[in-house]
Each structure stands twice: as structure tokens, then as C-alpha cells.
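S.K.: Structure file structure.pdb (PDB, C-alpha atoms) right here:
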ATOM      1  CA  MET A   1     -36.357 112.821 220.107
ATOM      2  CA  THR A   2     -36.153 116.624 220.412
ATOM      3  CA  ALA A   3     -39.242 118.467 219.254
ATOM      4  CA  ILE A   4     -38.622 120.354 216.064
ATOM      5  CA  ALA A   5     -40.583 123.089 214.362
ATOM      6  CA  ASP A   6     -42.433 122.422 211.153
ATOM      7  CA  ILE A   7     -40.344 122.661 208.023
ATOM      8  CA  PRO A   8     -42.469 124.281 205.325
ATOM      9  CA  VAL A   9     -42.368 122.642 201.902
ATOM     10  CA  ARG A  10     -42.954 125.480 199.497
ATOM     11  CA  LEU A  11     -43.993 125.243 195.863
ATOM     12  CA  ASP A  12     -42.429 127.983 193.751
ATOM     13  CA  ASP A  13     -44.986 130.512 192.497
ATOM     14  CA  ASN A  14     -44.022 129.770 188.904
ATOM     15  CA  ALA A  15     -44.201 125.988 189.235
ATOM     16  CA  THR A  16     -46.993 124.601 187.054
ATOM     17  CA  SER A  17     -45.922 121.000 186.526
ATOM     18  CA  GLY A  18     -47.708 118.087 188.094
ATOM     19  CA  LEU A  19     -44.378 116.566 189.113
ATOM     20  CA  ALA A  20     -43.534 119.622 191.247
ATOM     21  CA  SER A  21     -46.967 119.550 192.880
ATOM     22  CA  ILE A  22     -46.726 115.805 193.569
ATOM     23  CA  VAL A  23     -43.239 116.111 195.106
ATOM     24  CA  GLN A  24     -44.345 119.107 197.208
ATOM     25  CA  GLN A  25     -47.405 117.323 198.617
ATOM     26  CA  PHE A  26     -45.458 114.106 199.110
ATOM     27  CA  LEU A  27     -42.648 115.768 201.094
ATOM     28  CA  GLU A  28     -45.079 117.859 203.133
ATOM     29  CA  GLN A  29     -47.038 114.734 204.106
ATOM     30  CA  GLN A  30     -43.894 112.737 204.857
ATOM     31  CA  LEU A  31     -42.592 115.459 207.194
ATOM     32  CA  ALA A  32     -45.934 116.126 208.867
ATOM     33  CA  ASP A  33     -46.129 112.513 209.983
ATOM     34  CA  SER A  34     -42.679 112.054 211.452
ATOM     35  CA  THR A  35     -40.494 114.004 213.878
ATOM     36  CA  ARG A  36     -37.551 111.864 212.788
ATOM     37  CA  ARG A  37     -38.017 112.956 209.187
ATOM     38  CA  ARG A  38     -38.300 116.615 210.224
ATOM     39  CA  VAL A  39     -35.018 116.341 212.119
ATOM     40  CA  ARG A  40     -33.375 114.758 209.070
ATOM     41  CA  ALA A  41     -34.785 117.476 206.806
ATOM     42  CA  SER A  42     -33.497 120.234 209.102
ATOM     43  CA  ARG A  43     -29.974 118.837 208.691
ATOM     44  CA  LEU A  44     -30.132 118.626 204.914
ATOM     45  CA  HIS A  45     -28.615 121.442 202.885
ATOM     46  CA  GLY A  46     -28.314 121.147 199.145
ATOM     47  CA  ARG A  47     -30.081 121.230 195.836
ATOM     48  CA  LEU A  48     -31.356 118.103 194.112
ATOM     49  CA  GLY A  49     -32.384 117.776 190.478
ATOM     50  CA  LEU A  50     -34.905 115.024 189.820
ATOM     51  CA  THR A  51     -35.721 114.003 186.240
ATOM     52  CA  ALA A  52     -38.161 111.483 184.790
ATOM     53  CA  THR A  53     -36.289 110.985 181.538
ATOM     54  CA  ASP A  54     -39.066 109.126 179.698
ATOM     55  CA  TYR A  55     -41.525 111.983 180.306
ATOM     56  CA  ASP A  56     -39.043 114.841 179.988
ATOM     57  CA  ALA A  57     -40.169 116.148 183.386
ATOM     58  CA  SER A  58     -37.778 117.700 185.914
ATOM     59  CA  VAL A  59     -38.007 119.380 189.278
ATOM     60  CA  THR A  60     -35.506 121.031 191.566
ATOM     61  CA  VAL A  61     -35.775 120.330 195.284
ATOM     62  CA  ASP A  62     -33.837 122.813 197.385
ATOM     63  CA  PHE A  63     -33.222 121.651 200.953
ATOM     64  CA  ARG A  64     -32.462 124.755 203.012
ATOM     65  CA  GLY A  65     -32.613 123.407 206.541
ATOM     66  CA  ASP A  66     -35.490 125.580 207.712
ATOM     67  CA  GLU A  67     -37.562 125.037 204.554
ATOM     68  CA  ILE A  68     -37.711 123.038 201.345
ATOM     69  CA  ALA A  69     -38.476 124.762 198.048
ATOM     70  CA  ILE A  70     -39.724 122.952 194.941
ATOM     71  CA  SER A  71     -39.486 124.455 191.477
ATOM     72  CA  ASP A  72     -39.973 123.286 187.903
ATOM     73  CA  GLY A  73     -37.098 122.265 185.682
ATOM     74  CA  ASN A  74     -33.388 122.052 186.318
ATOM     75  CA  ALA A  75     -32.386 125.067 188.417
ATOM     76  CA  GLY A  76     -28.728 124.236 189.132
ATOM     77  CA  PRO A  77     -26.030 124.308 190.329
ATOM     78  CA  PHE A  78     -26.867 120.986 191.960
ATOM     79  CA  ASP A  79     -25.416 119.120 194.876
ATOM     80  CA  ALA A  80     -26.901 115.994 193.349
ATOM     81  CA  THR A  81     -29.034 114.817 190.448
ATOM     82  CA  ILE A  82     -31.090 111.677 190.006
ATOM     83  CA  ALA A  83     -32.409 110.861 186.546
ATOM     84  CA  GLY A  84     -34.191 107.808 185.228
ATOM     85  CA  SER A  85     -37.464 106.412 184.027
ATOM     86  CA  TYR A  86     -40.649 107.300 185.859
ATOM     87  CA  GLN A  87     -40.913 103.683 186.972
ATOM     88  CA  SER A  88     -37.366 103.669 188.401
ATOM     89  CA  LEU A  89     -37.981 106.922 190.283
ATOM     90  CA  THR A  90     -41.244 105.555 191.646
ATOM     91  CA  LYS A  91     -39.491 102.412 192.895
ATOM     92  CA  LEU A  92     -36.940 104.643 194.611
ATOM     93  CA  LEU A  93     -39.659 106.597 196.443
ATOM     94  CA  GLN A  94     -41.467 103.376 197.295
ATOM     95  CA  GLY A  95     -38.311 102.284 199.110
ATOM     96  CA  ARG A  96     -37.954  99.268 196.816
ATOM     97  CA  SER A  97     -34.586 100.331 195.445
ATOM     98  CA  ASN A  98     -31.487 102.293 196.342
ATOM     99  CA  PRO A  99     -29.967 105.136 194.291
ATOM    100  CA  LEU A 100     -26.438 103.755 194.444
ATOM    101  CA  ILE A 101     -27.397 100.239 193.389
ATOM    102  CA  GLU A 102     -29.715 101.495 190.662
ATOM    103  CA  HIS A 103     -26.907 103.729 189.360
ATOM    104  CA  LEU A 104     -24.505 100.799 189.269
ATOM    105  CA  ARG A 105     -27.122  98.729 187.446
ATOM    106  CA  GLY A 106     -27.599 101.523 184.915
ATOM    107  CA  ARG A 107     -31.247 102.087 185.687
ATOM    108  CA  LEU A 108     -30.688 105.528 187.200
ATOM    109  CA  LYS A 109     -28.061 108.172 186.611
ATOM    110  CA  VAL A 110     -26.999 109.615 189.949
ATOM    111  CA  THR A 111     -24.454 112.387 190.344
ATOM    112  CA  SER A 112     -23.268 114.233 193.431
ATOM    113  CA  ARG A 113     -20.857 117.031 194.214
ATOM    114  CA  ILE A 114     -17.584 115.938 195.826
ATOM    115  CA  GLY A 115     -18.268 118.197 198.834
ATOM    116  CA  ASN A 116     -21.693 116.625 199.371
ATOM    117  CA  LEU A 117     -21.017 113.093 198.209
ATOM    118  CA  PHE A 118     -23.666 111.314 200.258
ATOM    119  CA  PHE A 119     -26.400 113.848 199.562
ATOM    120  CA  PRO A 120     -28.409 111.544 197.222
ATOM    121  CA  LEU A 121     -28.429 108.797 199.853
ATOM    122  CA  ARG A 122     -29.454 111.213 202.622
ATOM    123  CA  VAL A 123     -32.262 112.618 200.477
ATOM    124  CA  HIS A 124     -33.413 109.112 199.632
ATOM    125  CA  ARG A 125     -33.452 108.196 203.302
ATOM    126  CA  LEU A 126     -35.638 111.223 203.983
ATOM    127  CA  MET A 127     -38.027 110.773 201.085
ATOM    128  CA  LYS A 128     -38.549 107.033 200.692
ATOM    129  CA  LEU A 129     -41.752 105.529 201.987
ATOM    130  CA  ALA A 130     -41.607 103.545 205.177
ATOM    131  CA  PRO A 131     -42.755  99.932 204.979
ATOM    132  CA  GLU A 132     -46.541  99.828 204.946
ATOM    133  CA  GLY A 133     -47.989 100.642 208.341
ATOM    134  CA  ASN A 134     -44.891 102.498 209.564
ATOM    135  CA  HIS A 135     -43.908 106.138 209.260
TER     136      HIS A 135
ATOM    137  CA  MET B   1     -70.993 100.193 172.789
ATOM    138  CA  PRO B   2     -71.720 102.968 175.330
ATOM    139  CA  ALA B   3     -71.181 106.624 174.517
ATOM    140  CA  ILE B   4     -68.809 108.799 176.499
ATOM    141  CA  TYR B   5     -70.368 110.551 179.530
ATOM    142  CA  THR B   6     -73.301 108.142 179.828
ATOM    143  CA  THR B   7     -74.362 105.968 182.751
ATOM    144  CA  GLU B   8     -73.719 102.890 180.583
ATOM    145  CA  TRP B   9     -70.158 104.071 179.973
ATOM    146  CA  TYR B  10     -69.540 104.609 183.699
ATOM    147  CA  GLU B  11     -70.925 101.139 184.409
ATOM    148  CA  ALA B  12     -68.676  99.604 181.733
ATOM    149  CA  ILE B  13     -65.625 101.248 183.321
ATOM    150  CA  LYS B  14     -66.673 100.039 186.764
ATOM    151  CA  LYS B  15     -67.136  96.482 185.489
ATOM    152  CA  LEU B  16     -63.727  96.464 183.798
ATOM    153  CA  LEU B  17     -62.021  97.737 186.930
ATOM    154  CA  ASN B  18     -63.711  95.149 189.103
ATOM    155  CA  GLU B  19     -62.895  92.294 186.744
ATOM    156  CA  ASN B  20     -59.211  93.188 186.552
ATOM    157  CA  PRO B  21     -57.189  91.195 189.124
ATOM    158  CA  LYS B  22     -54.291  93.653 188.828
ATOM    159  CA  VAL B  23     -56.545  96.484 190.012
ATOM    160  CA  ASP B  24     -57.471  94.424 193.041
ATOM    161  CA  LYS B  25     -53.842  93.414 193.682
ATOM    162  CA  ASN B  26     -52.420  96.935 193.382
ATOM    163  CA  SER B  27     -55.171  98.811 195.212
ATOM    164  CA  PRO B  28     -54.747 100.115 198.747
ATOM    165  CA  ARG B  29     -56.905  98.416 201.350
ATOM    166  CA  GLY B  30     -59.625 100.483 202.938
ATOM    167  CA  THR B  31     -62.171 102.912 201.542
ATOM    168  CA  PHE B  32     -61.229 105.809 199.284
ATOM    169  CA  HIS B  33     -63.516 108.488 197.941
ATOM    170  CA  VAL B  34     -62.263 109.983 194.712
ATOM    171  CA  LEU B  35     -63.611 113.091 193.021
ATOM    172  CA  ALA B  36     -62.894 113.899 189.387
ATOM    173  CA  LYS B  37     -63.760 117.438 188.355
ATOM    174  CA  VAL B  38     -63.927 117.686 184.581
ATOM    175  CA  VAL B  39     -64.066 121.269 183.339
ATOM    176  CA  GLY B  40     -65.464 122.091 179.909
ATOM    177  CA  ASP B  41     -63.142 123.790 177.465
ATOM    178  CA  ALA B  42     -63.133 125.024 173.879
ATOM    179  CA  ARG B  43     -61.322 121.922 172.570
ATOM    180  CA  SER B  44     -63.933 119.500 173.885
ATOM    181  CA  LEU B  45     -66.731 118.389 171.540
ATOM    182  CA  TYR B  46     -68.786 117.216 174.515
ATOM    183  CA  LEU B  47     -68.418 119.692 177.345
ATOM    184  CA  PRO B  48     -68.512 123.392 176.446
ATOM    185  CA  ALA B  49     -66.378 125.931 178.238
ATOM    186  CA  GLY B  50     -67.890 126.938 181.547
ATOM    187  CA  GLU B  51     -69.592 123.594 182.202
ATOM    188  CA  LEU B  52     -68.410 121.301 184.958
ATOM    189  CA  ARG B  53     -68.982 117.618 185.589
ATOM    190  CA  ASN B  54     -68.209 115.977 188.897
ATOM    191  CA  PHE B  55     -67.577 112.256 189.034
ATOM    192  CA  VAL B  56     -67.652 110.445 192.315
ATOM    193  CA  VAL B  57     -65.768 107.161 192.529
ATOM    194  CA  LEU B  58     -65.775 104.943 195.588
ATOM    195  CA  PHE B  59     -63.124 102.253 196.037
ATOM    196  CA  THR B  60     -63.268  99.765 198.868
ATOM    197  CA  ASP B  61     -60.594  97.092 199.258
ATOM    198  CA  GLY B  62     -59.720  97.109 195.582
ATOM    199  CA  LYS B  63     -63.278  97.134 194.264
ATOM    200  CA  CYS B  64     -64.990 100.050 192.575
ATOM    201  CA  LEU B  65     -68.354 100.200 194.327
ATOM    202  CA  GLU B  66     -69.541 103.445 192.825
ATOM    203  CA  TYR B  67     -68.824 105.475 189.714
ATOM    204  CA  ARG B  68     -71.398 108.157 189.134
ATOM    205  CA  GLN B  69     -71.882 111.687 187.985
ATOM    206  CA  ALA B  70     -72.854 114.070 190.787
ATOM    207  CA  ASP B  71     -75.302 116.855 189.971
ATOM    208  CA  ALA B  72     -74.060 119.291 192.610
ATOM    209  CA  PRO B  73     -70.363 119.778 193.379
ATOM    210  CA  PRO B  74     -69.699 117.720 196.515
ATOM    211  CA  PRO B  75     -67.586 119.200 199.351
ATOM    212  CA  ARG B  76     -63.864 118.633 198.736
ATOM    213  CA  LYS B  77     -63.343 117.537 202.329
ATOM    214  CA  ASP B  78     -65.363 114.380 201.627
ATOM    215  CA  PHE B  79     -62.667 113.024 199.323
ATOM    216  CA  GLU B  80     -59.253 111.472 199.856
ATOM    217  CA  PHE B  81     -58.245 112.234 196.263
ATOM    218  CA  ILE B  82     -59.302 114.950 193.850
ATOM    219  CA  PHE B  83     -58.412 115.043 190.165
ATOM    220  CA  GLU B  84     -59.152 118.252 188.261
ATOM    221  CA  LEU B  85     -58.750 118.334 184.500
ATOM    222  CA  PRO B  86     -60.069 119.915 181.322
ATOM    223  CA  ALA B  87     -62.701 117.903 179.443
ATOM    224  CA  SER B  88     -60.508 117.716 176.350
ATOM    225  CA  VAL B  89     -57.748 116.045 178.397
ATOM    226  CA  PHE B  90     -60.224 113.599 179.975
ATOM    227  CA  GLU B  91     -61.563 112.700 176.537
ATOM    228  CA  GLU B  92     -58.076 112.302 175.035
ATOM    229  CA  VAL B  93     -57.130 109.985 177.910
ATOM    230  CA  ALA B  94     -60.345 107.991 177.377
ATOM    231  CA  ALA B  95     -59.546 107.768 173.661
ATOM    232  CA  GLY B  96     -56.007 106.578 174.420
ATOM    233  CA  GLN B  97     -54.569 109.601 172.664
ATOM    234  CA  ILE B  98     -52.548 110.953 175.552
ATOM    235  CA  ASP B  99     -50.693 109.212 178.328
ATOM    236  CA  LEU B 100     -52.299 109.580 181.746
ATOM    237  CA  ILE B 101     -48.934 109.746 183.551
ATOM    238  CA  ASP B 102     -47.593 112.329 181.117
ATOM    239  CA  ALA B 103     -50.710 114.456 181.649
ATOM    240  CA  GLY B 104     -50.248 114.148 185.415
ATOM    241  CA  LEU B 105     -46.532 115.004 185.403
ATOM    242  CA  LYS B 106     -46.974 117.944 183.035
ATOM    243  CA  GLY B 107     -49.751 119.460 185.149
ATOM    244  CA  LYS B 108     -52.644 118.922 182.719
ATOM    245  CA  ILE B 109     -54.288 117.013 185.558
ATOM    246  CA  LYS B 110     -54.178 118.604 188.992
ATOM    247  CA  ILE B 111     -53.953 115.942 191.675
ATOM    248  CA  THR B 112     -54.653 116.607 195.340
ATOM    249  CA  GLY B 113     -54.520 113.988 198.068
ATOM    250  CA  ASP B 114     -52.261 111.647 199.955
ATOM    251  CA  MET B 115     -49.332 111.276 197.576
ATOM    252  CA  ARG B 116     -47.843 108.548 199.730
ATOM    253  CA  ILE B 117     -50.760 106.292 198.855
ATOM    254  CA  LEU B 118     -50.588 107.305 195.205
ATOM    255  CA  ILE B 119     -46.851 106.559 194.991
ATOM    256  CA  ARG B 120     -47.077 103.324 196.977
ATOM    257  CA  HIS B 121     -49.769 102.103 194.574
ATOM    258  CA  ALA B 122     -48.373 103.674 191.398
ATOM    259  CA  GLU B 123     -48.969 100.489 189.394
ATOM    260  CA  LEU B 124     -52.699 100.973 189.920
ATOM    261  CA  VAL B 125     -52.601 104.111 187.778
ATOM    262  CA  ASN B 126     -51.495 102.030 184.770
ATOM    263  CA  GLU B 127     -54.349  99.595 185.270
ATOM    264  CA  ILE B 128     -56.951 102.350 185.575
ATOM    265  CA  TYR B 129     -55.562 104.063 182.494
ATOM    266  CA  GLY B 130     -55.762 100.743 180.638
ATOM    267  CA  ALA B 131     -59.435 100.355 181.520
ATOM    268  CA  PHE B 132     -60.247 103.834 180.218
ATOM    269  CA  ALA B 133     -58.033 103.985 177.187
ATOM    270  CA  ARG B 134     -57.628 100.449 175.894
ATOM    271  CA  GLU B 135     -60.331  98.185 177.244
ATOM    272  CA  VAL B 136     -63.662  99.971 177.310
ATOM    273  CA  GLU B 137     -65.382 100.336 173.946
ATOM    274  CA  THR B 138     -66.412 103.972 173.696
ATOM    275  CA  LEU B 139     -68.797 105.531 171.231
ATOM    276  CA  TRP B 140     -67.985 109.114 170.259
ATOM    277  CA  PRO B 141     -71.267 110.532 168.858
ATOM    278  CA  LYS B 142     -69.767 113.916 168.027
ATOM    279  CA  GLY B 143     -66.457 112.548 166.837
ATOM    280  CA  LYS B 144     -63.315 111.352 168.538
ATOM    281  CA  PRO B 145     -61.204 113.928 170.365
ATOM    282  CA  GLY B 146     -58.987 115.856 168.025
ATOM    283  CA  SER B 147     -60.978 114.971 164.887
ATOM    284  CA  ALA B 148     -60.970 118.118 162.809
ATOM    285  CA  ASP B 149     -64.369 117.585 161.149
ATOM    286  CA  GLY B 150     -66.128 116.410 164.283
ATOM    287  CA  ALA B 151     -67.477 113.405 162.380
ATOM    288  CA  PRO B 152     -68.939 110.680 164.586
ATOM    289  CA  GLY B 153     -66.353 108.085 165.402
ATOM    290  CA  PRO B 154     -67.557 104.720 166.617
ATOM    291  CA  ALA B 155     -64.013 103.429 167.061
ATOM    292  CA  GLY B 156     -63.740 102.388 170.637
ATOM    293  CA  HIS B 157     -60.364 103.325 171.993
TER     294      HIS B 157
END
Using the file provided, produce a representation of the structure as C-alpha cells.
M.R.:
Amino acid sequence: MTAIADIPVRLDDNATSGLASIVQQFLEQQLADSTRRRVRASRLHGRLGLTATDYDASVTVDFRGDEIAISDGNAGPFDATIAGSYQSLTKLLQGRSNPLIEHLRGRLKVTSRIGNLFFPLRVHRLMKLAPEGNH
Amino acid sequence: MPAIYTTEWYEAIKKLLNENPKVDKNSPRGTFHVLAKVVGDARSLYLPAGELRNFVVLFTDGKCLEYRQADAPPPRKDFEFIFELPASVFEEVAAGQIDLIDAGLKGKIKITGDMRILIRHAELVNEIYGAFAREVETLWPKGKPGSADGAPGPAGH
């Protein structure tokens, strides 16, 4: 696989929420460990809104190709949004569920812009944890 | 019934964690050093503003081998996870008055460490919270958190 430069994962200066800090550290660690993930991240362009509905906590994750920026709250317009309980979002990141299936089952509400229809699935592929022992 | 911030209370927490099969089941394998930095604040009846308490917790293969207060602040690099929080938040969590996950998501608790481990073992957080907030009987000699008169409150949770 072609070597690729680091993709900084930046926390907005005004972000104070724990969710934003957790997502920032999580993405930074995921990318640091895997060239494949860095390549995927470099090809992602779009803004994702992520909401834990039961805790009224939201973050915006802006994939810009050469960097990823995390900010508090819903800073649309979005290419995609994923909203659901904290437990459902955790299962998604753990790689134990899929955004499309969880949406169809009513456990998550997933939206995406027509022009970037598969964005939620591509983001999920980038972010979800690999099976234990793999990266 | 041990009082908050005493060796007996730390031992009671440790015992509860080690007797809980769900803690063992949901814990990552290996050794993890955890540092909790509790910072005194005006809302705390137990830790005045400006004071700091460091708690060192050692987990190995799902068992809590150590839970102690450290006199001097240990180097951050010695820990896989660091939790920093105001004393009033720590006490409200221990009293079951605020939700640990809510405090974490809202930024009342600053968490530093390998988030992949934390997310993979997210169920463990619920079990640890349960030990603090619902299971251990805590004596509050100066009153429970949030009590306006500061009257002693023996009620445990």
C-alpha cells in the first residue's frame, strides 16, 4: 500500500464536550495504527453529525481529506447524520452492528445526502474497531 | 460502613469490583494502570478548592489489584488511562446522583488514554459505575453531596 502522510485529527478550540474529545482521540489512534485507514480517511470528504440521543450529546466530524476536524454540537449542513442511544452508537464503533441495518431496525436514525449516499457506510468502515488483535 | 476518601472505602470498592463476574468478563486482558486526579472545588464538602487527590488503580486480567491514594502526583506517562474530574463530580457519582457516562460525554470528566480499549470494553464502565454508585455503602460524615445544610448523611448510595 502506498505510504501516506499523517492525517491530523483536530479538536476545535471551542470544543469542551467529552464526546468530542473521545471521538478525536479515538480517530487519531485508529489512523495512527493503520496505513489502510489513513488512505480511506484521505478519500473521505463530508461532514457527519453524530448524536447520542439519550444523553443529548452531539459532535460534528468534518472529513476534509487532508485533515479531520471535530467540533461540539450540530454544525451542519451535513452529508450524513447518525443518531441513536449511546449504547447503539457504541455497538456501531465496536463493529458489532451496521448503520444501515440498525436504521432499518429502528435503533439508529441515519440520514445521508443524495450526492453522498454511501457516506455513513464509508465513515463506519473507517471508524469501526477491527476484531480484537487486528488493526 | 466506610466513609468516602478512606482506605476502608477504597478497599470496599476493590472488593466489589473483584467479586463482580461482569467486571471480569468485560475487562480487557493485560495490565492497565489508571490514574484518577480529583481536584477540589467550592461545591465539594470534602476536598477544598486547590487541593488535589491522586488515585492509582491497577487492573490485571479483570482484577483490581490496587486502589490507593498516592501522596505525590505520579508521572502521567506511567498510566494507560487518566481521568481528571472535580471532587464534587466524583462525590456525586459515588452518591449515585449523576450518571458517569453523562459526566464523561458532557466533559465534566476529562478522559485521556486509548479510546479503542475504552470503547471495546464500554460495558465495563457500567459495572464500575454500579460498584461506586449503587453497591458500596458510603458514609458521608459532612453530608451527602448537594445537601444544602451539610448535615451528616449515613445513607449509603
S.K.: Suppose you want the space between CA of Ala49 in chain B and CA of Glu84 in chain B; what is it in Å?
M.R.: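 That distance, rounded to one decimal, is 14.5 Å.
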S.K.: May I have a table of the residues of chain A lying at most 12 Å from chain B, giving each one's closest pair of atoms and their distance in Å to one decimal, counting all atoms listed in the file, ordered by chain and ascending residue number, as a Markdown table?
M.R.:
| residue | atom | partner | partner_atom | distance |
| --- | --- | --- | --- | --- |
| A:Ala15 | CA | B:Gly107 | CA | 9.5 |
| A:Thr16 | CA | B:Gly107 | CA | 6.1 |
| A:Ser17 | CA | B:Gly107 | CA | 4.4 |
| A:Gly18 | CA | B:Gly107 | CA | 3.8 |
| A:Leu19 | CA | B:Leu105 | CA | 4.6 |
| A:Ala20 | CA | B:Leu105 | CA | 8.0 |
| A:Ser21 | CA | B:Ile111 | CA | 8.0 |
| A:Ile22 | CA | B:Met115 | CA | 6.6 |
| A:Val23 | CA | B:Met115 | CA | 8.2 |
| A:Gln24 | CA | B:Met115 | CA | 9.3 |
| A:Gln25 | CA | B:Met115 | CA | 6.4 |
| A:Phe26 | CA | B:Met115 | CA | 5.0 |
| A:Leu27 | CA | B:Met115 | CA | 8.8 |
| A:Glu28 | CA | B:Met115 | CA | 9.6 |
| A:Gln29 | CA | B:Asp114 | CA | 7.4 |
| A:Gln30 | CA | B:Arg116 | CA | 7.7 |
| A:Leu31 | CA | B:Arg116 | CA | 11.4 |
| A:Ala32 | CA | B:Asp114 | CA | 11.8 |
| A:Asp33 | CA | B:Arg116 | CA | 11.1 |
| A:Thr51 | CA | B:Leu105 | CA | 10.9 |
| A:Ala52 | CA | B:Leu105 | CA | 9.1 |
| A:Thr53 | CA | B:Asp102 | CA | 11.4 |
| A:Asp54 | CA | B:Asp102 | CA | 9.2 |
| A:Tyr55 | CA | B:Asp102 | CA | 6.1 |
| A:Asp56 | CA | B:Asp102 | CA | 9.0 |
| A:Ala57 | CA | B:Leu105 | CA | 6.8 |
| A:Ser58 | CA | B:Leu105 | CA | 9.2 |
| A:Val59 | CA | B:Leu105 | CA | 10.3 |
| A:Asp72 | CA | B:Lys106 | CA | 10.1 |
| A:Gly73 | CA | B:Lys106 | CA | 11.1 |
| A:Ser85 | CA | B:Ile101 | CA | 12.0 |
| A:Tyr86 | CA | B:Ile101 | CA | 8.9 |
| A:Gln87 | CA | B:Ala122 | CA | 8.7 |
| A:Ser88 | CA | B:Ala122 | CA | 11.4 |
| A:Leu89 | CA | B:Ile119 | CA | 10.0 |
| A:Thr90 | CA | B:Ile119 | CA | 6.6 |
| A:Lys91 | CA | B:Arg120 | CA | 8.7 |
| A:Leu92 | CA | B:Ile119 | CA | 10.1 |
| A:Leu93 | CA | B:Ile119 | CA | 7.3 |
| A:Gln94 | CA | B:Arg120 | CA | 5.6 |
| A:Gly95 | CA | B:Arg120 | CA | 9.1 |
| A:Arg96 | CA | B:Arg120 | CA | 10.0 |
| A:Met127 | CA | B:Arg116 | CA | 10.2 |
| A:Lys128 | CA | B:Arg116 | CA | 9.5 |
| A:Leu129 | CA | B:Arg116 | CA | 7.2 |
| A:Ala130 | CA | B:Arg116 | CA | 9.7 |
| A:Pro131 | CA | B:Arg120 | CA | 9.7 |
| A:Glu132 | CA | B:Arg120 | CA | 8.7 |
| A:Gly133 | CA | B:Ile117 | CA | 11.4 |
| A:Asn134 | CA | B:Arg116 | CA | 11.9 |
| A:His135 | CA | B:Arg116 | CA | 10.6 |
S.K.: Pull the neighbourhood of (-73.6, 121.0, 188.3) for me: all residues within 12 Å in file coordinates, counting all atoms listed in the file, as a VMD selection string.
M.R.: chain B and resid 37 to 40 50 to 55 69 to 74
S.K.: When distances are computed from all atoms listed in the file, which of A:Leu11, A:Ala75, A:Leu100, A:Val123 shows the smallest separation from Arg43 in chain A?
M.R.: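 Comparing A:Leu11, A:Ala75, A:Leu100, A:Val123 against Arg43 in chain A, the winner is A:Val123.
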S.K.: Under the PyMOL selection byres ((chain B and resi 133-147) around 12), which residues of this model are included? Write them out as number ranges by chain.
M.R.: B: 1-6, 8-17, 19-20, 42-47, 87-100, 125-132, 148-157
S.K.: For a quick check of understanding, using only C-alpha atoms, which of B:Asp41, B:Lys63, B:Phe81, B:Val56 has the smallest distance to Arg29 in chain B?
M.R.: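 For Arg29 in chain B, the nearest of the given residues is B:Lys63.
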S.K.: CA of Ala36 in chain B and CA of Leu85 in chain B are how many Å apart?
M.R.: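 Computed distance, CA of Ala36 in chain B to CA of Leu85 in chain B, equals 7.8 Å.
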S.K.: Padding 8 Å on each side, edges along x, y and z: where is the centre of the box around the listed atoms of range 8-20 of chain B, and how long are its edges in Å to one decimal? Output it as JSON.
M.R.:
{"center_x": -66.5, "center_y": 98.5, "center_z": 184.5, "size_x": 30.5, "size_y": 28.3, "size_z": 25.1}
S.K.: May I ask which of the residues B:Phe32, B:Pro86, B:Asp78, B:Asn18 is the closest one to Phe59 in chain B, counting only C-alpha atoms?
M.R.: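 Checking each of B:Phe32, B:Pro86, B:Asp78, B:Asn18 against Phe59 in chain B, counting only C-alpha atoms, the winner is B:Phe32.
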S.K.: Which value, in Å to one decimal, gives the distance between CA of Val110 in chain A and CA of His124 in chain A?
M.R.: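 Spanning CA of Val110 in chain A to CA of His124 in chain A is a straight-line distance of 11.6 Å.
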S.K.: Just checking: using all atoms listed in the file, which residue out of A:Gly106, A:Pro99, A:Gly76, A:Gly49 ends up closest to Phe118 in chain A?
M.R.: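 Once distances to Phe118 in chain A are computed over all atoms listed in the file, the minimum belongs to A:Pro99.
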S.K.: Excluding same-chain residues fewer than 3 positions from Asn116 in chain A, what lies within 12 Å of it counting all atoms listed in the file, as a list in words?
M.R.: Leu44, His45, Gly46, Arg47, Leu48, Phe78, Asp79, Ala80, Thr81, Thr111, Ser112, Arg113, Phe119, Pro120, Leu121, Arg122 and Val123 of chain A
S.K.: Kindly resolve the PyMOL selection byres ((chain B and resi 27) around 8) on the present coordinates and return the residues as a list in words.
M.R.: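 Output of the PyMOL selection byres ((chain B and resi 27) around 8): Val23, Asp24, Lys25, Asn26, Pro28, Arg29, Asp61, Gly62, His121 and Leu124 of chain B.
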S.K.: Would you mind exporting the chosen residues as an mmCIF file, keeping the file's coordinate frame, restricted to C-alpha atoms?
M.R.:
data_model
loop_
_atom_site.group_PDB
_atom_site.id
_atom_site.type_symbol
_atom_site.label_atom_id
_atom_site.label_comp_id
_atom_site.auth_asym_id
_atom_site.auth_seq_id
_atom_site.Cartn_x
_atom_site.Cartn_y
_atom_site.Cartn_z
ATOM 1 C CA VAL B 23 -56.545 96.484 190.012
ATOM 2 C CA ASP B 24 -57.471 94.424 193.041
ATOM 3 C CA LYS B 25 -53.842 93.414 193.682
ATOM 4 C CA ASN B 26 -52.420 96.935 193.382
ATOM 5 C CA PRO B 28 -54.747 100.115 198.747
ATOM 6 C CA ARG B 29 -56.905 98.416 201.350
ATOM 7 C CA ASP B 61 -60.594 97.092 199.258
ATOM 8 C CA GLY B 62 -59.720 97.109 195.582
ATOM 9 C CA HIS B 121 -49.769 102.103 194.574
ATOM 10 C CA LEU B 124 -52.699 100.973 189.920
#
S.K.: Taking all atoms listed in the file into account, name the residue in B:Val34, B:Lys22, B:Thr60, B:Pro48 that is nearest to Phe79 in chain B.
M.R.: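 That would be B:Val34, the residue with the smallest distance to Phe79 in chain B.
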S.K.: Take the structure in the block and write a file for range 117-124 of chain A, N, CA and C atoms, as a tab-separated table (two decimals), in the first residue's frame.
M.R.:
chain	number	residue	atom	x	y	z
A	117	LEU	N	-24.45	9.42	-0.86
A	117	LEU	CA	-25.37	8.44	-0.29
A	117	LEU	C	-24.69	7.41	0.62
A	118	PHE	N	-23.50	7.00	0.23
A	118	PHE	CA	-22.83	5.92	0.98
A	118	PHE	C	-21.88	6.45	2.06
A	119	PHE	N	-21.93	7.75	2.28
A	119	PHE	CA	-21.02	8.37	3.24
A	119	PHE	C	-21.10	7.71	4.63
A	120	PRO	N	-22.29	7.46	5.18
A	120	PRO	CA	-22.34	6.84	6.52
A	120	PRO	C	-21.65	5.48	6.55
A	121	LEU	N	-21.80	4.71	5.48
A	121	LEU	CA	-21.17	3.38	5.45
A	121	LEU	C	-19.65	3.50	5.33
A	122	ARG	N	-19.20	4.49	4.55
A	122	ARG	CA	-17.74	4.68	4.39
A	122	ARG	C	-17.12	5.17	5.70
A	123	VAL	N	-17.83	6.05	6.40
A	123	VAL	CA	-17.33	6.53	7.69
A	123	VAL	C	-17.29	5.37	8.70
A	124	HIS	N	-18.34	4.57	8.67
A	124	HIS	CA	-18.38	3.43	9.59
A	124	HIS	C	-17.23	2.48	9.33
